[in-house]
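Colleague: Here's a structure for you.
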Amino acid sequence: MIHLLTVHDLHLAVRTGETLVPILRGINLNLPQGEVHGLVGESGAGKTMLGRVILNILPPNVVITAGHVDYGTTQPSLRSGGRVPDSPGRSGISLIPQDPMTALNPVKKIGKQMGEILKLVHTDSQRQIQERAEALLAEVRIKKPKEVLKQYPHHLSGGMRQRVLIAMAFSSEPGIIIADEPTTALDVSVQRRVLRLIRDLQNERNTTILFVTHDLGIVAKLCDKVSLMHSGMILEQGPVADVFHSPAHPYTRSLLKAIPRYDQPREKLSPVAEDLQAQLIHEAREYDQQRRV
Ligand SMILES: Nc1ncnc2c1ncn2[C@@H]1O[C@H](COP(=O)(O)OP(=O)(O)O)[C@@H](O)[C@H]1O
Ligand SMILES: [Mg+2]
């Protein structure tokens, strides 16, 4: 089995003055070719930071304090102090961002923005680039792609913009896509169609996807494996069927009890889960103290 990406005991921290505050605490993750891996956890768990370190687009005040990310044999691994500020991003890895409303440049037409991405990977003529962009929009099931290419982002609905961003993510034929809550900002009915689109494109290309979400209902429908995250740690990891049928960690069990469905309003976690969360935060702090010894 080819592992496109391996994260080894990765620790990240944010620098605030003289102190380093931990954000990720010993993350281990393998992404084999073609796997859709769900990364689940509530707000602040560290999901976006894990995606950003993999993409090599960490904010300047966030550093790797231990561990590393291996990208197979294609690129050097990313280690503590190993960030290259002048060349952010990683070839072969694309991002589908969370918020389609802000992720596109508001003052550039869709065709121009797509052209800029396509030019990075193809040496085609301007006309060929536009034809490629048109074909990509058709693939993400946008009707009248020629017209959409001439429009600005504000002409498009949220769902349409997310389709454009999905087309852009797949346009470089990446081995891995990090999808960071790609449907959270969309209406429920649009969410369902966008998820189906991502699943179909993934199936056709056998793309590896790290699918970040706080919704276990989506994981059940879309993912092969799942990692449950809290306080910068992965609490449980395994094939979706195993984790759903026999969850090992109390946090997973409590999330499954309140399983949110993306076609229904989200339920709040039970008070028991709140106790559990306090305990998990406490455990994370103890872990930090032990590491300092
Ligand atoms: N730009 C940043 N600088 C410093 N700390 C950040 C930044 N963005 C997020 N954090 C912190 O990193 C932790 C993980 O955040 P994040 O990865 O965004 O969580 P999630 O995506 O799971 O909601 C949080 O404690 C958050 O406050
Ligand atoms: Mg996030």
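Chains: A, B, ... in order of the structure tokens. Residues: from 1 per chain. Ligands: from 1, in order shown.
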Output as a tab-separated table one row per residue of chain A within 10 Å of ligand 2: the closest atom pair and its distance in Å to one decimal place, counting only C-alpha atoms and all ligand atoms, sorted by chain and residue number ascending.

Modeller:
```
residue	atom	partner	partner_atom_place_in_ligand_line	distance
A:Gly41	CA	ligand 2	1 (Mg)	9.2
A:Glu42	CA	ligand 2	1 (Mg)	8.6
A:Ser43	CA	ligand 2	1 (Mg)	6.4
A:Gly44	CA	ligand 2	1 (Mg)	7.0
A:Ala45	CA	ligand 2	1 (Mg)	8.0
A:Gly46	CA	ligand 2	1 (Mg)	7.0
A:Lys47	CA	ligand 2	1 (Mg)	5.5
A:Thr48	CA	ligand 2	1 (Mg)	4.1
A:Met49	CA	ligand 2	1 (Mg)	7.4
A:Leu50	CA	ligand 2	1 (Mg)	9.3
A:Gly51	CA	ligand 2	1 (Mg)	8.8
A:Arg52	CA	ligand 2	1 (Mg)	9.9
A:Pro97	CA	ligand 2	1 (Mg)	9.5
A:Gln98	CA	ligand 2	1 (Mg)	7.8
A:Asp180	CA	ligand 2	1 (Mg)	6.7
A:Glu181	CA	ligand 2	1 (Mg)	7.2
A:Val212	CA	ligand 2	1 (Mg)	7.8
A:Thr213	CA	ligand 2	1 (Mg)	8.3
A:His214	CA	ligand 2	1 (Mg)	9.2
```

Colleague: Write out, as an mmCIF file, in the first residue's frame, the residues just selected, with N, CA and C atoms.

Modeller:
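The result, stored in part-v9.cif:
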```
data_model
loop_
_atom_site.group_PDB
_atom_site.id
_atom_site.type_symbol
_atom_site.label_atom_id
_atom_site.label_comp_id
_atom_site.auth_asym_id
_atom_site.auth_seq_id
_atom_site.Cartn_x
_atom_site.Cartn_y
_atom_site.Cartn_z
ATOM 1 N N GLY A 41 -13.814 16.754 14.931
ATOM 2 C CA GLY A 41 -13.566 17.332 16.247
ATOM 3 C C GLY A 41 -14.235 18.681 16.279
ATOM 4 N N GLU A 42 -14.544 19.138 17.496
ATOM 5 C CA GLU A 42 -15.239 20.416 17.535
ATOM 6 C C GLU A 42 -14.271 21.575 17.334
ATOM 7 N N SER A 43 -14.840 22.763 17.303
ATOM 8 C CA SER A 43 -14.075 23.978 17.061
ATOM 9 C C SER A 43 -12.893 24.079 18.026
ATOM 10 N N GLY A 44 -11.727 24.405 17.507
ATOM 11 C CA GLY A 44 -10.546 24.569 18.352
ATOM 12 C C GLY A 44 -9.755 23.298 18.568
ATOM 13 N N ALA A 45 -10.220 22.174 18.028
ATOM 14 C CA ALA A 45 -9.533 20.891 18.232
ATOM 15 C C ALA A 45 -8.158 20.862 17.556
ATOM 16 N N GLY A 46 -7.993 21.672 16.500
ATOM 17 C CA GLY A 46 -6.708 21.694 15.792
ATOM 18 C C GLY A 46 -6.782 21.129 14.389
ATOM 19 N N LYS A 47 -7.986 20.935 13.867
ATOM 20 C CA LYS A 47 -8.181 20.310 12.552
ATOM 21 C C LYS A 47 -7.583 21.173 11.426
ATOM 22 N N THR A 48 -7.921 22.463 11.456
ATOM 23 C CA THR A 48 -7.426 23.356 10.400
ATOM 24 C C THR A 48 -5.899 23.456 10.450
ATOM 25 N N MET A 49 -5.341 23.528 11.676
ATOM 26 C CA MET A 49 -3.878 23.620 11.815
ATOM 27 C C MET A 49 -3.200 22.369 11.262
ATOM 28 N N LEU A 50 -3.804 21.201 11.474
ATOM 29 C CA LEU A 50 -3.228 19.974 10.925
ATOM 30 C C LEU A 50 -3.246 20.039 9.393
ATOM 31 N N GLY A 51 -4.352 20.524 8.832
ATOM 32 C CA GLY A 51 -4.421 20.703 7.377
ATOM 33 C C GLY A 51 -3.375 21.690 6.885
ATOM 34 N N ARG A 52 -3.203 22.781 7.630
ATOM 35 C CA ARG A 52 -2.268 23.830 7.190
ATOM 36 C C ARG A 52 -0.821 23.377 7.279
ATOM 37 N N PRO A 97 -11.285 25.133 0.675
ATOM 38 C CA PRO A 97 -11.419 25.879 1.924
ATOM 39 C C PRO A 97 -12.839 25.859 2.469
ATOM 40 N N GLN A 98 -12.951 26.345 3.697
ATOM 41 C CA GLN A 98 -14.232 26.286 4.404
ATOM 42 C C GLN A 98 -15.235 27.298 3.856
ATOM 43 N N ASP A 180 -11.411 21.364 4.042
ATOM 44 C CA ASP A 180 -11.596 21.872 5.415
ATOM 45 C C ASP A 180 -13.028 22.366 5.599
ATOM 46 N N GLU A 181 -13.871 21.495 6.105
ATOM 47 C CA GLU A 181 -15.295 21.801 6.305
ATOM 48 C C GLU A 181 -15.894 22.458 5.058
ATOM 49 N N VAL A 212 -12.098 17.326 6.628
ATOM 50 C CA VAL A 212 -12.276 17.902 7.953
ATOM 51 C C VAL A 212 -13.739 18.262 8.151
ATOM 52 N N THR A 213 -14.289 17.836 9.264
ATOM 53 C CA THR A 213 -15.698 18.130 9.534
ATOM 54 C C THR A 213 -15.959 18.005 11.037
ATOM 55 N N HIS A 214 -17.068 18.584 11.508
ATOM 56 C CA HIS A 214 -17.457 18.255 12.872
ATOM 57 C C HIS A 214 -18.715 17.387 12.852
#
```

Colleague: Counting only C-alpha atoms, which residues of segment 1-91 of chain A fall within 6 Å of segment 221-227 of chain A, and what is the closest atom pair for each with its distance in Å at one decimal, ordered by chain and rising number, as a tab-separated table?

Modeller:
```
residue	atom	partner	partner_atom	distance
A:Val36	CA	A:Cys223	CA	4.9
A:His37	CA	A:Lys225	CA	4.8
A:Gly38	CA	A:Val226	CA	4.4
A:Leu39	CA	A:Ser227	CA	5.0
```

Colleague: As a VMD selection string, please: every residue in segment 67-257 of chain A that DSSP puts in strand (DSSP E).

Modeller: chain A and resid 67 to 71 75 to 79 93 to 96 176 to 180 208 to 213 225 to 230 233 to 239

Colleague: Applying 12 Å and only C-alpha atoms, which residues near segment 150-159 of chain A remain after dropping the ones on its own chain fewer than 3 positions away? List them as a ChimeraX atom specification.

Modeller: /A:98-115,130,133-134,140-142,144-147,162-166,182-195,197

Colleague: Pull N, CA and C atoms from the residues just selected and write them as a CSV table (one decimal), in the first residue's frame.

Modeller:
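Contents of selection-v9.csv, freshly written:
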```csv
chain,number,residue,atom,x,y,z
A,98,GLN,N,-13.0,26.3,3.7
A,98,GLN,CA,-14.2,26.3,4.4
A,98,GLN,C,-15.2,27.3,3.9
A,99,ASP,N,-14.8,28.5,3.6
A,99,ASP,CA,-15.7,29.6,3.3
A,99,ASP,C,-15.7,30.0,1.9
A,100,PRO,N,-16.6,29.6,1.0
A,100,PRO,CA,-16.6,29.9,-0.4
A,100,PRO,C,-16.8,31.4,-0.6
A,101,MET,N,-17.3,32.1,0.4
A,101,MET,CA,-17.6,33.5,0.2
A,101,MET,C,-16.4,34.4,0.2
A,102,THR,N,-15.4,33.9,1.0
A,102,THR,CA,-14.1,34.7,1.1
A,102,THR,C,-12.9,34.1,0.4
A,103,ALA,N,-13.1,32.9,-0.1
A,103,ALA,CA,-11.9,32.2,-0.6
A,103,ALA,C,-11.5,32.7,-2.0
A,104,LEU,N,-12.5,33.3,-2.7
A,104,LEU,CA,-12.2,33.7,-4.1
A,104,LEU,C,-11.9,35.2,-4.1
A,105,ASN,N,-11.1,35.7,-5.0
A,105,ASN,CA,-10.7,37.1,-5.1
A,105,ASN,C,-11.9,37.9,-5.7
A,106,PRO,N,-12.5,38.8,-4.9
A,106,PRO,CA,-13.7,39.5,-5.3
A,106,PRO,C,-13.6,40.4,-6.6
A,107,VAL,N,-12.3,40.8,-6.9
A,107,VAL,CA,-12.1,41.7,-8.0
A,107,VAL,C,-11.6,41.1,-9.3
A,108,LYS,N,-11.6,39.7,-9.3
A,108,LYS,CA,-11.1,39.1,-10.5
A,108,LYS,C,-12.2,38.1,-11.0
A,109,LYS,N,-12.4,38.1,-12.3
A,109,LYS,CA,-13.4,37.2,-12.9
A,109,LYS,C,-13.0,35.7,-12.7
A,110,ILE,N,-14.0,34.9,-12.6
A,110,ILE,CA,-13.7,33.4,-12.3
A,110,ILE,C,-12.7,32.9,-13.4
A,111,GLY,N,-12.9,33.2,-14.6
A,111,GLY,CA,-12.0,32.7,-15.7
A,111,GLY,C,-10.6,33.1,-15.4
A,112,LYS,N,-10.3,34.3,-15.0
A,112,LYS,CA,-9.0,34.8,-14.7
A,112,LYS,C,-8.4,34.0,-13.5
A,113,GLN,N,-9.2,33.8,-12.5
A,113,GLN,CA,-8.7,33.1,-11.3
A,113,GLN,C,-8.4,31.7,-11.6
A,114,MET,N,-9.2,31.0,-12.4
A,114,MET,CA,-9.0,29.6,-12.7
A,114,MET,C,-7.8,29.5,-13.6
A,115,GLY,N,-7.7,30.5,-14.5
A,115,GLY,CA,-6.5,30.5,-15.5
A,115,GLY,C,-5.2,30.6,-14.7
A,130,GLN,N,-8.4,28.5,-21.2
A,130,GLN,CA,-9.8,28.8,-21.0
A,130,GLN,C,-10.7,27.6,-21.3
A,133,ALA,N,-10.5,25.4,-18.3
A,133,ALA,CA,-11.4,26.0,-17.2
A,133,ALA,C,-12.8,25.6,-17.5
A,134,GLU,N,-13.2,25.8,-18.8
A,134,GLU,CA,-14.6,25.5,-19.1
A,134,GLU,C,-15.0,24.0,-18.9
A,140,VAL,N,-17.7,20.0,-12.7
A,140,VAL,CA,-18.4,20.2,-11.3
A,140,VAL,C,-19.8,20.6,-11.5
A,141,ARG,N,-20.3,20.3,-12.7
A,141,ARG,CA,-21.8,20.4,-13.0
A,141,ARG,C,-22.3,21.8,-12.9
A,142,ILE,N,-21.5,22.7,-13.4
A,142,ILE,CA,-21.9,24.1,-13.5
A,142,ILE,C,-22.5,24.3,-14.9
A,144,LYS,N,-23.8,26.3,-18.2
A,144,LYS,CA,-23.3,27.5,-18.9
A,144,LYS,C,-21.9,27.9,-18.4
A,145,PRO,N,-20.9,27.1,-18.4
A,145,PRO,CA,-19.6,27.4,-17.9
A,145,PRO,C,-18.9,28.6,-18.6
A,146,LYS,N,-19.2,28.8,-19.9
A,146,LYS,CA,-18.6,29.9,-20.6
A,146,LYS,C,-19.0,31.2,-20.0
A,147,GLU,N,-20.3,31.3,-19.6
A,147,GLU,CA,-20.8,32.5,-19.0
A,147,GLU,C,-20.2,32.7,-17.6
A,162,GLN,N,-18.5,27.4,-4.3
A,162,GLN,CA,-17.8,26.2,-3.7
A,162,GLN,C,-17.5,25.2,-4.9
A,163,ARG,N,-18.4,25.1,-5.9
A,163,ARG,CA,-18.1,24.3,-7.0
A,163,ARG,C,-16.9,24.8,-7.8
A,164,VAL,N,-16.8,26.1,-7.9
A,164,VAL,CA,-15.6,26.7,-8.6
A,164,VAL,C,-14.4,26.3,-7.8
A,165,LEU,N,-14.4,26.4,-6.5
A,165,LEU,CA,-13.3,26.1,-5.6
A,165,LEU,C,-12.9,24.7,-5.7
A,166,ILE,N,-13.9,23.8,-5.8
A,166,ILE,CA,-13.7,22.4,-6.0
A,166,ILE,C,-13.0,22.1,-7.3
A,182,PRO,N,-15.8,21.8,3.9
A,182,PRO,CA,-16.2,22.5,2.7
A,182,PRO,C,-17.7,22.7,2.5
A,183,THR,N,-18.5,22.1,3.4
A,183,THR,CA,-19.9,22.4,3.2
A,183,THR,C,-20.6,23.1,4.4
A,184,THR,N,-19.8,23.4,5.4
A,184,THR,CA,-20.3,24.0,6.6
A,184,THR,C,-21.0,25.3,6.3
A,185,ALA,N,-20.5,26.1,5.4
A,185,ALA,CA,-21.1,27.4,5.1
A,185,ALA,C,-22.3,27.4,4.2
A,186,LEU,N,-22.7,26.2,3.7
A,186,LEU,CA,-23.7,26.1,2.7
A,186,LEU,C,-25.1,25.6,3.2
A,187,ASP,N,-26.1,26.0,2.5
A,187,ASP,CA,-27.5,25.5,2.9
A,187,ASP,C,-27.5,24.0,2.8
A,188,VAL,N,-28.4,23.4,3.6
A,188,VAL,CA,-28.5,21.9,3.7
A,188,VAL,C,-28.6,21.2,2.4
A,189,SER,N,-29.5,21.7,1.5
A,189,SER,CA,-29.8,21.0,0.3
A,189,SER,C,-28.5,21.1,-0.7
A,190,VAL,N,-27.9,22.3,-0.6
A,190,VAL,CA,-26.7,22.5,-1.4
A,190,VAL,C,-25.5,21.6,-0.9
A,191,GLN,N,-25.4,21.5,0.5
A,191,GLN,CA,-24.4,20.7,1.1
A,191,GLN,C,-24.5,19.3,0.5
A,192,ARG,N,-25.7,18.7,0.4
A,192,ARG,CA,-25.8,17.3,0.0
A,192,ARG,C,-25.3,17.2,-1.5
A,193,ARG,N,-25.6,18.1,-2.3
A,193,ARG,CA,-25.2,18.0,-3.7
A,193,ARG,C,-23.6,18.2,-3.8
A,194,VAL,N,-23.1,19.1,-3.0
A,194,VAL,CA,-21.6,19.4,-3.1
A,194,VAL,C,-20.9,18.1,-2.5
A,195,LEU,N,-21.4,17.5,-1.5
A,195,LEU,CA,-20.8,16.3,-1.0
A,195,LEU,C,-20.8,15.2,-2.0
A,197,LEU,N,-20.9,15.6,-5.2
A,197,LEU,CA,-19.9,16.0,-6.2
A,197,LEU,C,-18.5,15.6,-5.8
```

Colleague: May I have all residues of segment 130-166 of chain A that DSSP, computed from the backbone, assigns to alpha helix (DSSP H), given as a list in words?

Modeller: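 Selection result, alpha helix (DSSP H) within segment 130-166 of chain A: Gln130, Glu131, Arg132, Ala133, Glu134, Ala135, Leu136, Leu137, Ala138, Glu139, Pro145, Lys146, Glu147, Val148, Leu149, Gly158, Gly159, Met160, Arg161, Gln162, Arg163, Val164, Leu165 and Ile166 of chain A.
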
Colleague: Which residue, A:Thr6, A:Gln277, A:Thr123, A:Ser231, has the smallest gap to Pro22 of chain A when you use only C-alpha atoms?

Modeller: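 Closest candidate: A:Ser231.
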
Colleague: So how far away is atom CA of Glu35 of chain A from atom CA of Ala167 of chain A, in Å?

Modeller: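 Between atom CA of Ala167 of chain A and atom CA of Glu35 of chain A the gap works out to 19.6 Å.
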
Colleague: Which residues, written as an MDAnalysis selection string, have at least one atom at most 6 Å from segment 173-177 of chain A, with only C-alpha atoms counted and residues fewer than 2 positions away on the same chain left out?

Modeller: chainID A and resid 92:95 170:171 207:209

Colleague: Hey, can you spit out that residue selection with C-alpha atoms as a PDB file, in the first residue's frame?

Modeller:
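The resulting selection-v1.pdb:
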```pdb
ATOM      1  CA  GLY A  92       0.453  17.582  -5.300  1.00  0.00           C
ATOM      2  CA  ILE A  93      -1.727  18.776  -2.425  1.00  0.00           C
ATOM      3  CA  SER A  94      -4.738  21.088  -2.829  1.00  0.00           C
ATOM      4  CA  LEU A  95      -7.130  22.741  -0.427  1.00  0.00           C
ATOM      5  CA  PHE A 170      -8.965  19.226  -8.620  1.00  0.00           C
ATOM      6  CA  SER A 171      -7.471  21.201 -11.551  1.00  0.00           C
ATOM      7  CA  THR A 207      -7.786  11.023  -4.991  1.00  0.00           C
ATOM      8  CA  THR A 208      -6.784  10.840  -1.340  1.00  0.00           C
ATOM      9  CA  ILE A 209      -8.865  13.229   0.755  1.00  0.00           C
TER      10      ILE A 209
END
```

Colleague: Ranking A:Gln290, A:Asn61, A:Gln33, A:Gln128 by minimum distance to ligand 1 and counting only C-alpha atoms and all ligand atoms, which one comes first?

Modeller: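 The shortest atom-to-atom distance to ligand 1 comes from A:Asn61.
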
Colleague: Any idea what the distance is between atom CA of Ala138 of chain A and atom CA of Phe211 of chain A?

Modeller: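 These two atoms are separated by 23.4 Å.
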